[in-house]
$ cat run-v8.pdb   # PDB, C-alpha atoms
ATOM      1  CA  MET D 239    -171.359  26.498  -1.579  1.00  0.00           C
ATOM      2  CA  GLU D 240    -170.123  25.379   1.783  1.00  0.00           C
ATOM      3  CA  ALA D 241    -172.515  24.625   4.664  1.00  0.00           C
ATOM      4  CA  THR D 242    -172.713  27.347   7.328  1.00  0.00           C
ATOM      5  CA  THR D 243    -174.064  26.624  10.814  1.00  0.00           C
ATOM      6  CA  TYR D 244    -175.624  29.183  13.137  1.00  0.00           C
ATOM      7  CA  THR D 245    -176.145  28.513  16.848  1.00  0.00           C
ATOM      8  CA  THR D 246    -177.525  30.343  19.869  1.00  0.00           C
ATOM      9  CA  ARG D 247    -175.575  33.473  20.823  1.00  0.00           C
ATOM     10  CA  ARG D 248    -172.813  32.693  23.295  1.00  0.00           C
ATOM     11  CA  THR D 249    -173.464  36.001  25.061  1.00  0.00           C
ATOM     12  CA  PHE D 250    -176.805  34.526  26.164  1.00  0.00           C
ATOM     13  CA  LEU D 251    -175.823  30.888  26.524  1.00  0.00           C
ATOM     14  CA  LEU D 252    -172.978  31.408  29.003  1.00  0.00           C
ATOM     15  CA  PRO D 253    -174.904  33.408  31.629  1.00  0.00           C
ATOM     16  CA  PHE D 254    -177.925  31.128  31.201  1.00  0.00           C
ATOM     17  CA  ALA D 255    -175.749  28.080  31.888  1.00  0.00           C
ATOM     18  CA  LEU D 256    -174.445  29.893  34.966  1.00  0.00           C
ATOM     19  CA  VAL D 257    -178.024  30.557  36.127  1.00  0.00           C
ATOM     20  CA  SER D 258    -178.833  26.859  35.675  1.00  0.00           C
ATOM     21  CA  LEU D 259    -175.789  25.847  37.705  1.00  0.00           C
ATOM     22  CA  LEU D 260    -176.593  28.352  40.464  1.00  0.00           C
ATOM     23  CA  LEU D 261    -180.162  27.030  40.642  1.00  0.00           C
ATOM     24  CA  VAL D 262    -178.810  23.516  41.217  1.00  0.00           C
ATOM     25  CA  VAL D 263    -176.437  24.798  43.910  1.00  0.00           C
ATOM     26  CA  LEU D 264    -179.306  26.616  45.616  1.00  0.00           C
ATOM     27  CA  LEU D 265    -181.489  23.485  45.386  1.00  0.00           C
ATOM     28  CA  ILE D 266    -178.733  21.354  46.935  1.00  0.00           C
ATOM     29  CA  ILE D 267    -178.132  23.847  49.753  1.00  0.00           C
ATOM     30  CA  SER D 268    -181.877  24.043  50.450  1.00  0.00           C
ATOM     31  CA  SER D 269    -182.182  20.252  50.417  1.00  0.00           C
ATOM     32  CA  VAL D 270    -179.340  19.842  52.895  1.00  0.00           C
ATOM     33  CA  GLU D 271    -180.733  22.487  55.268  1.00  0.00           C
ATOM     34  CA  ARG D 272    -184.386  21.297  55.024  1.00  0.00           C
ATOM     35  CA  VAL D 273    -185.486  24.488  56.785  1.00  0.00           C
ATOM     36  CA  PHE D 274    -188.496  25.238  54.545  1.00  0.00           C
ATOM     37  CA  PRO D 275    -189.643  22.200  52.466  1.00  0.00           C
ATOM     38  CA  PRO D 276    -191.876  24.177  50.048  1.00  0.00           C
ATOM     39  CA  GLU D 277    -188.750  26.073  48.982  1.00  0.00           C
ATOM     40  CA  ILE D 278    -187.243  22.802  47.746  1.00  0.00           C
ATOM     41  CA  VAL D 279    -190.389  21.995  45.774  1.00  0.00           C
ATOM     42  CA  VAL D 280    -190.515  25.454  44.184  1.00  0.00           C
ATOM     43  CA  LEU D 281    -186.825  25.342  43.250  1.00  0.00           C
ATOM     44  CA  ALA D 282    -187.247  21.869  41.747  1.00  0.00           C
ATOM     45  CA  ILE D 283    -190.242  23.059  39.710  1.00  0.00           C
ATOM     46  CA  VAL D 284    -188.290  26.105  38.472  1.00  0.00           C
ATOM     47  CA  CYS D 285    -185.308  23.924  37.506  1.00  0.00           C
ATOM     48  CA  VAL D 286    -187.322  21.827  35.034  1.00  0.00           C
ATOM     49  CA  PRO D 287    -188.177  24.571  32.486  1.00  0.00           C
ATOM     50  CA  VAL D 288    -184.793  26.264  32.990  1.00  0.00           C
ATOM     51  CA  PHE D 289    -182.951  23.060  32.088  1.00  0.00           C
ATOM     52  CA  TYR D 290    -185.265  22.441  29.149  1.00  0.00           C
ATOM     53  CA  ILE D 291    -184.543  25.943  27.790  1.00  0.00           C
ATOM     54  CA  LEU D 292    -180.816  25.423  28.380  1.00  0.00           C
ATOM     55  CA  LEU D 293    -180.803  22.111  26.497  1.00  0.00           C
ATOM     56  CA  GLU D 294    -182.927  23.592  23.713  1.00  0.00           C
ATOM     57  CA  SER D 295    -180.536  26.546  23.406  1.00  0.00           C
ATOM     58  CA  ILE D 296    -177.458  24.325  23.355  1.00  0.00           C
ATOM     59  CA  ARG D 297    -178.946  21.976  20.752  1.00  0.00           C
ATOM     60  CA  ARG D 298    -180.374  24.683  18.442  1.00  0.00           C
ATOM     61  CA  ARG D 299    -178.595  24.717  15.090  1.00  0.00           C
ATOM     62  CA  THR D 300    -179.577  26.203  11.751  1.00  0.00           C
ATOM     63  CA  THR D 301    -177.405  25.035   8.870  1.00  0.00           C
ATOM     64  CA  ILE D 302    -177.465  26.634   5.447  1.00  0.00           C
ATOM     65  CA  GLU D 303    -176.638  23.973   2.874  1.00  0.00           C
ATOM     66  CA  PRO D 304    -176.415  24.141  -0.939  1.00  0.00           C
ATOM     67  CA  ASP D 305    -179.853  22.611  -1.476  1.00  0.00           C
ATOM     68  CA  GLY D 306    -181.729  23.834   1.607  1.00  0.00           C
ATOM     69  CA  VAL D 307    -181.772  24.830   5.249  1.00  0.00           C
ATOM     70  CA  ARG D 308    -181.626  22.365   8.161  1.00  0.00           C
ATOM     71  CA  ILE D 309    -183.259  23.502  11.419  1.00  0.00           C
ATOM     72  CA  ARG D 310    -182.320  21.443  14.476  1.00  0.00           C
ATOM     73  CA  LYS D 311    -183.824  21.798  17.900  1.00  0.00           C
ATOM     74  CA  LEU D 312    -183.995  19.512  20.900  1.00  0.00           C
ATOM     75  CA  CYS D 313    -185.611  16.220  19.790  1.00  0.00           C
ATOM     76  CA  ARG D 314    -186.643  17.489  16.349  1.00  0.00           C
ATOM     77  CA  GLU D 315    -185.174  18.397  12.998  1.00  0.00           C
ATOM     78  CA  ARG D 316    -186.591  19.935   9.818  1.00  0.00           C
ATOM     79  CA  TYR D 317    -185.029  20.151   6.395  1.00  0.00           C
ATOM     80  CA  LEU D 318    -186.418  22.730   3.982  1.00  0.00           C
ATOM     81  CA  LEU D 319    -185.456  22.653   0.330  1.00  0.00           C
ATOM     82  CA  TRP D 320    -184.967  26.083  -1.229  1.00  0.00           C
ATOM     83  CA  GLU D 321    -187.660  25.430  -3.835  1.00  0.00           C
ATOM     84  CA  ASP D 322    -190.190  24.466  -1.113  1.00  0.00           C
ATOM     85  CA  ILE D 323    -189.923  27.898   0.528  1.00  0.00           C
ATOM     86  CA  THR D 324    -192.816  29.994  -0.791  1.00  0.00           C
ATOM     87  CA  ASN D 325    -192.381  33.186   1.257  1.00  0.00           C
ATOM     88  CA  ILE D 326    -189.925  34.801   3.668  1.00  0.00           C
ATOM     89  CA  ASP D 327    -191.162  37.451   6.075  1.00  0.00           C
ATOM     90  CA  VAL D 328    -190.277  38.852   9.490  1.00  0.00           C
ATOM     91  CA  LEU D 329    -192.251  39.436  12.648  1.00  0.00           C
ATOM     92  CA  THR D 330    -190.870  42.022  15.053  1.00  0.00           C
ATOM     93  CA  VAL D 331    -192.031  42.254  18.655  1.00  0.00           C
ATOM     94  CA  ARG D 332    -190.073  45.050  20.333  1.00  0.00           C
ATOM     95  CA  LYS D 333    -186.450  43.896  19.958  1.00  0.00           C
ATOM     96  CA  LYS D 334    -187.329  40.254  19.240  1.00  0.00           C
ATOM     97  CA  VAL D 335    -187.239  39.439  15.528  1.00  0.00           C
ATOM     98  CA  TYR D 336    -188.506  36.222  13.969  1.00  0.00           C
ATOM     99  CA  LEU D 337    -187.651  35.215  10.419  1.00  0.00           C
ATOM    100  CA  LEU D 338    -190.706  33.367   9.095  1.00  0.00           C
ATOM    101  CA  LEU D 339    -190.088  30.754   6.420  1.00  0.00           C
ATOM    102  CA  THR D 340    -193.344  29.677   4.791  1.00  0.00           C
ATOM    103  CA  THR D 341    -193.227  26.398   2.895  1.00  0.00           C
ATOM    104  CA  THR D 342    -195.699  24.191   1.093  1.00  0.00           C
ATOM    105  CA  LYS D 343    -196.056  22.191   4.345  1.00  0.00           C
ATOM    106  CA  GLY D 344    -196.318  25.009   6.908  1.00  0.00           C
ATOM    107  CA  PHE D 345    -194.107  27.708   8.359  1.00  0.00           C
ATOM    108  CA  HIS D 346    -190.970  27.806  10.481  1.00  0.00           C
ATOM    109  CA  ALA D 347    -189.697  30.645  12.662  1.00  0.00           C
ATOM    110  CA  LEU D 348    -186.074  31.487  13.373  1.00  0.00           C
ATOM    111  CA  ALA D 349    -185.479  33.951  16.216  1.00  0.00           C
ATOM    112  CA  ASN D 350    -182.762  36.549  16.525  1.00  0.00           C
ATOM    113  CA  SER D 351    -181.400  34.570  19.467  1.00  0.00           C
ATOM    114  CA  HIS D 352    -179.120  33.007  16.840  1.00  0.00           C
ATOM    115  CA  GLY D 353    -175.615  34.374  16.774  1.00  0.00           C
ATOM    116  CA  GLN D 354    -174.929  36.396  13.626  1.00  0.00           C
ATOM    117  CA  PHE D 355    -178.658  36.588  12.871  1.00  0.00           C
ATOM    118  CA  THR D 356    -178.180  39.146  10.097  1.00  0.00           C
ATOM    119  CA  SER D 357    -175.771  36.808   8.285  1.00  0.00           C
ATOM    120  CA  LEU D 358    -178.278  33.965   8.694  1.00  0.00           C
ATOM    121  CA  VAL D 359    -181.025  36.078   7.128  1.00  0.00           C
ATOM    122  CA  ARG D 360    -178.684  37.203   4.339  1.00  0.00           C
ATOM    123  CA  ASP D 361    -177.683  33.588   3.572  1.00  0.00           C
ATOM    124  CA  ILE D 362    -181.297  32.433   3.402  1.00  0.00           C
ATOM    125  CA  VAL D 363    -182.416  35.376   1.277  1.00  0.00           C
ATOM    126  CA  GLY D 364    -179.480  34.807  -1.076  1.00  0.00           C
ATOM    127  CA  ASN D 365    -180.649  31.273  -1.825  1.00  0.00           C
ATOM    128  CA  VAL D 366    -184.300  31.912  -2.711  1.00  0.00           C
ATOM    129  CA  ASP D 367    -186.079  33.703  -5.521  1.00  0.00           C
ATOM    130  CA  PRO D 368    -186.178  37.467  -4.740  1.00  0.00           C
ATOM    131  CA  GLY D 369    -189.935  37.479  -5.439  1.00  0.00           C
ATOM    132  CA  LYS D 370    -190.490  35.316  -2.349  1.00  0.00           C
ATOM    133  CA  VAL D 371    -188.795  37.811  -0.005  1.00  0.00           C
ATOM    134  CA  GLU D 372    -190.846  40.552   1.663  1.00  0.00           C
ATOM    135  CA  ALA D 373    -189.409  44.082   1.839  1.00  0.00           C
ATOM    136  CA  ARG D 374    -189.287  43.990   5.656  1.00  0.00           C
ATOM    137  CA  VAL D 375    -186.757  41.158   5.474  1.00  0.00           C
ATOM    138  CA  LEU D 376    -184.363  43.356   3.524  1.00  0.00           C
ATOM    139  CA  ASP D 377    -184.894  46.066   6.137  1.00  0.00           C
ATOM    140  CA  VAL D 378    -183.732  43.620   8.849  1.00  0.00           C
ATOM    141  CA  ILE D 379    -180.559  42.997   6.847  1.00  0.00           C
ATOM    142  CA  GLU D 380    -179.895  46.716   6.345  1.00  0.00           C
ATOM    143  CA  HIS D 381    -180.879  47.753   9.902  1.00  0.00           C
ATOM    144  CA  PRO D 382    -180.133  44.876  12.282  1.00  0.00           C
ATOM    145  CA  VAL D 383    -181.939  44.871  15.621  1.00  0.00           C
ATOM    146  CA  ALA D 384    -179.567  44.499  18.566  1.00  0.00           C
ATOM    147  CA  ARG D 385    -181.164  42.526  21.364  1.00  0.00           C
ATOM    148  CA  ILE D 386    -179.409  42.573  24.714  1.00  0.00           C
ATOM    149  CA  SER D 387    -182.328  42.544  27.154  1.00  0.00           C
ATOM    150  CA  ASP D 388    -182.243  38.741  27.432  1.00  0.00           C
ATOM    151  CA  VAL D 389    -178.518  38.803  28.207  1.00  0.00           C
ATOM    152  CA  VAL D 390    -178.876  41.589  30.778  1.00  0.00           C
ATOM    153  CA  SER D 391    -181.820  39.907  32.516  1.00  0.00           C
ATOM    154  CA  THR D 392    -179.935  36.604  32.616  1.00  0.00           C
ATOM    155  CA  TRP D 393    -176.942  38.266  34.269  1.00  0.00           C
ATOM    156  CA  ILE D 394    -179.282  39.953  36.763  1.00  0.00           C
ATOM    157  CA  ALA D 395    -180.804  36.556  37.573  1.00  0.00           C
ATOM    158  CA  ALA D 396    -177.292  35.152  38.114  1.00  0.00           C
ATOM    159  CA  VAL D 397    -176.439  37.976  40.530  1.00  0.00           C
ATOM    160  CA  ILE D 398    -179.706  37.449  42.443  1.00  0.00           C
ATOM    161  CA  LEU D 399    -179.054  33.710  42.696  1.00  0.00           C
ATOM    162  CA  MET D 400    -175.483  34.341  43.908  1.00  0.00           C
ATOM    163  CA  GLY D 401    -176.924  36.667  46.555  1.00  0.00           C
ATOM    164  CA  ALA D 402    -179.449  34.026  47.635  1.00  0.00           C
ATOM    165  CA  ILE D 403    -176.707  31.391  47.862  1.00  0.00           C
ATOM    166  CA  THR D 404    -174.508  33.749  49.872  1.00  0.00           C
ATOM    167  CA  LEU D 405    -177.362  34.489  52.287  1.00  0.00           C
ATOM    168  CA  LYS D 406    -178.118  30.772  52.671  1.00  0.00           C
ATOM    169  CA  ILE D 407    -174.480  29.990  53.451  1.00  0.00           C
ATOM    170  CA  LEU D 408    -173.985  32.887  55.861  1.00  0.00           C
ATOM    171  CA  TYR D 409    -177.260  32.590  57.791  1.00  0.00           C
TER     172      TYR D 409
END

$ encode --input "run-v8.pdb" --output "structure tokens"
Amino acid sequence: MEATTYTTRRTFLLPFALVSLLLVVLLIISSVERVFPPEIVVLAIVCVPVFYILLESIRRRTTIEPDGVRIRKLCRERYLLWEDITNIDVLTVRKKVYLLLTTTKGFHALANSHGQFTSLVRDIVGNVDPGKVEARVLDVIEHPVARISDVVSTWIAAVILMGAITLKILY
């Protein structure tokens, strides 16, 4: 079996990177103008979690390997052997789906923000004992949940930031 790597969906990552860039542009414009100092502070505070989420999204990798699954995030990595996984279940909150991998040492959640999430679930399920897989997991494979609200809201944020930058430049 060859290793397969799953990353964050590009349809989310690209507009989110654009939002991050536009926030920096807006912060620079506000810093140069110095019209309303609290605006600079608020923008700087907003930039911190946005850049953390961007870095976390860029760094997120889940690799299916012959002997286990490697979950990489920003500043941390976990390696789960197939035999250590005791249960696989899903948690669905509206259109957000989490694949829950329970092991002898705790549990790990993989969100449907991964590109090709259904293939990821199928690959994991195919490597463990069928008795460890809950029926709802198979339902996620058969009826994938399409999640576009995060992508749409990110594009809306980009448009709003472009409007704010345009207003700052023109007035």

$ closest_residue --input "run-v8.pdb" --among "D:Glu277, D:Glu294, D:Asp305, D:Asp327" --to "Asp377 (chain D)" --atoms "all atoms listed in the file"
D:Asp327

$ residues_around --input "run-v8.pdb" --residues "region 362-366 of chain D" --least-positions-apart "3" --cutoff "9 Å" --atoms "only C-alpha atoms" --output "PyMOL selection string"
chain D and resi 302+304-307+320-321+323-324+326+357-359+369-371+375-376

$ resolve_selection --input "run-v8.pdb" --expression "the PyMOL selection byres ((chain D and resi 255-257) around 10)" --output "list in words"
Phe250, Leu251, Leu252, Pro253, Phe254, Ser258, Leu259, Leu260, Leu261, Val262, Val263, Cys285, Val288, Phe289, Ile291, Leu292, Leu293, Ser295, Ile296, Thr392, Trp393, Ile394, Ala395, Ala396, Val397, Ile398, Leu399 and Met400 of chain D

$ residues_around --input "run-v8.pdb" --residues "Val279 (chain D)" --least-positions-apart "5" --cutoff "10 Å" --atoms "only C-alpha atoms" --output "PyMOL selection string"
chain D and resi 265+268-269+274+284-285

$ closest_residue --input "run-v8.pdb" --among "D:Phe345, D:Tyr317, D:Tyr336, D:Tyr244" --to "Arg297 (chain D)" --atoms "all atoms listed in the file"
D:Tyr244

$ axis_aligned_box --input "run-v8.pdb" --around "region 378-385 of chain D" --padding-each-side "4 Å" --output "lines of an AutoDock Vina configuration file"
center_x = -181.6
center_y = 45.1
center_z = 13.9
size_x = 12.2
size_y = 13.2
size_z = 23.0

$ residues_around --input "run-v8.pdb" --residues "Asp322 (chain D)" --least-positions-apart "5" --cutoff "10 Å" --atoms "only C-alpha atoms" --output "PyMOL selection string"
chain D and resi 306+339-343+366

$ closest_residue --input "run-v8.pdb" --among "D:Leu312, D:Pro275, D:Thr245, D:Arg298" --to "Phe355 (chain D)" --atoms "only C-alpha atoms"
D:Thr245

$ closest_residue --input "run-v8.pdb" --among "D:Pro368, D:Gly344, D:Gly401, D:Gly353" --to "Arg385 (chain D)" --atoms "only C-alpha atoms"
D:Gly353

$ atom_distance --input "run-v8.pdb" --atom1 "CA of Thr242 (chain D)" --atom2 "CA of Ile309 (chain D)"
11.9 Å

$ atom_distance --input "run-v8.pdb" --atom1 "CA of Ala373 (chain D)" --atom2 "CA of Val389 (chain D)"
29.0 Å

$ atom_distance --input "run-v8.pdb" --atom1 "CA of Leu337 (chain D)" --atom2 "CA of Ala349 (chain D)"
6.3 Å

$ closest_residue --input "run-v8.pdb" --among "D:Arg247, D:Lys333, D:Arg374, D:His381" --to "Ser351 (chain D)" --atoms "all atoms listed in the file"
D:Arg247

$ decode --input "run-v8.pdb" --residues "region 321-333 of chain D" --atoms "all heavy atoms" --output "CSV table (one decimal), in the first residue's frame"
chain,number,residue,atom,x,y,z
D,321,GLU,N,-3.7,-1.1,14.7
D,321,GLU,CA,-4.2,-2.0,15.8
D,321,GLU,C,-4.5,-1.2,17.1
D,321,GLU,O,-5.2,-1.7,18.0
D,321,GLU,CB,-3.2,-3.1,16.1
D,321,GLU,CG,-1.8,-2.6,16.4
D,321,GLU,CD,-0.9,-2.5,15.1
D,321,GLU,OE1,-1.4,-2.7,14.0
D,321,GLU,OE2,0.3,-2.3,15.3
D,322,ASP,N,-4.0,0.0,17.2
D,322,ASP,CA,-4.3,0.9,18.4
D,322,ASP,C,-5.7,1.5,18.4
D,322,ASP,O,-6.2,2.0,19.4
D,322,ASP,CB,-3.2,1.9,18.6
D,322,ASP,CG,-1.9,1.3,19.1
D,322,ASP,OD1,-1.9,0.2,19.5
D,322,ASP,OD2,-0.9,2.0,19.0
D,323,ILE,N,-6.2,1.6,17.2
D,323,ILE,CA,-7.5,2.2,17.0
D,323,ILE,C,-8.6,1.3,17.5
D,323,ILE,O,-8.7,0.1,17.0
D,323,ILE,CB,-7.8,2.6,15.5
D,323,ILE,CG1,-6.8,3.7,15.1
D,323,ILE,CG2,-9.2,3.2,15.4
D,323,ILE,CD1,-6.8,4.1,13.7
D,324,THR,N,-9.4,1.7,18.5
D,324,THR,CA,-10.4,0.8,19.1
D,324,THR,C,-11.8,1.1,18.6
D,324,THR,O,-12.6,0.2,18.7
D,324,THR,CB,-10.4,1.0,20.6
D,324,THR,OG1,-10.6,2.3,21.0
D,324,THR,CG2,-9.0,0.5,21.2
D,325,ASN,N,-12.0,2.3,18.1
D,325,ASN,CA,-13.4,2.6,17.6
D,325,ASN,C,-13.3,3.8,16.6
D,325,ASN,O,-12.5,4.7,16.8
D,325,ASN,CB,-14.3,3.0,18.7
D,325,ASN,CG,-15.7,3.1,18.3
D,325,ASN,OD1,-16.2,2.6,17.3
D,325,ASN,ND2,-16.5,3.9,19.1
D,326,ILE,N,-14.1,3.8,15.6
D,326,ILE,CA,-14.2,4.9,14.6
D,326,ILE,C,-15.7,5.3,14.6
D,326,ILE,O,-16.6,4.5,14.4
D,326,ILE,CB,-13.8,4.5,13.2
D,326,ILE,CG1,-12.3,4.0,13.3
D,326,ILE,CG2,-14.0,5.6,12.3
D,326,ILE,CD1,-11.8,3.6,12.0
D,327,ASP,N,-15.9,6.6,14.9
D,327,ASP,CA,-17.3,7.1,14.9
D,327,ASP,C,-17.3,8.5,14.2
D,327,ASP,O,-16.2,9.0,13.9
D,327,ASP,CB,-17.8,7.2,16.3
D,327,ASP,CG,-19.3,7.2,16.4
D,327,ASP,OD1,-20.0,7.3,15.3
D,327,ASP,OD2,-19.9,7.2,17.5
D,328,VAL,N,-18.5,9.0,14.0
D,328,VAL,CA,-18.6,10.4,13.4
D,328,VAL,C,-19.4,11.2,14.4
D,328,VAL,O,-20.3,10.8,15.0
D,328,VAL,CB,-19.1,10.4,12.0
D,328,VAL,CG1,-18.2,9.8,11.0
D,328,VAL,CG2,-20.5,9.8,12.0
D,329,LEU,N,-19.1,12.5,14.3
D,329,LEU,CA,-20.0,13.5,15.0
D,329,LEU,C,-20.3,14.5,13.9
D,329,LEU,O,-19.5,15.1,13.3
D,329,LEU,CB,-19.2,14.2,16.1
D,329,LEU,CG,-19.8,15.4,16.8
D,329,LEU,CD1,-21.1,15.0,17.5
D,329,LEU,CD2,-18.9,16.1,17.7
D,330,THR,N,-21.6,14.8,13.8
D,330,THR,CA,-22.1,15.7,12.8
D,330,THR,C,-22.8,16.9,13.5
D,330,THR,O,-23.7,16.7,14.3
D,330,THR,CB,-23.1,15.0,11.8
D,330,THR,OG1,-22.4,13.9,11.2
D,330,THR,CG2,-23.5,16.0,10.7
D,331,VAL,N,-22.3,18.1,13.2
D,331,VAL,CA,-22.9,19.3,13.7
D,331,VAL,C,-23.3,20.1,12.4
D,331,VAL,O,-22.4,20.7,11.8
D,331,VAL,CB,-22.0,20.1,14.6
D,331,VAL,CG1,-22.6,21.3,15.1
D,331,VAL,CG2,-21.5,19.2,15.7
D,332,ARG,N,-24.5,20.1,12.1
D,332,ARG,CA,-25.0,20.8,10.8
D,332,ARG,C,-24.3,20.1,9.7
D,332,ARG,O,-24.4,19.0,9.4
D,332,ARG,CB,-24.9,22.3,10.9
D,332,ARG,CG,-25.8,22.9,11.9
D,332,ARG,CD,-25.9,24.4,11.9
D,332,ARG,NE,-26.6,24.9,13.0
D,332,ARG,CZ,-26.2,25.9,13.7
D,332,ARG,NH1,-25.1,26.5,13.4
D,332,ARG,NH2,-26.9,26.3,14.8
D,333,LYS,N,-23.5,20.9,9.0
D,333,LYS,CA,-22.7,20.4,7.8
D,333,LYS,C,-21.3,20.1,8.2
D,333,LYS,O,-20.5,19.7,7.3
D,333,LYS,CB,-22.7,21.4,6.7
D,333,LYS,CG,-24.1,21.7,6.1
D,333,LYS,CD,-24.5,20.6,5.1
D,333,LYS,CE,-25.8,20.9,4.5
D,333,LYS,NZ,-26.1,20.0,3.4
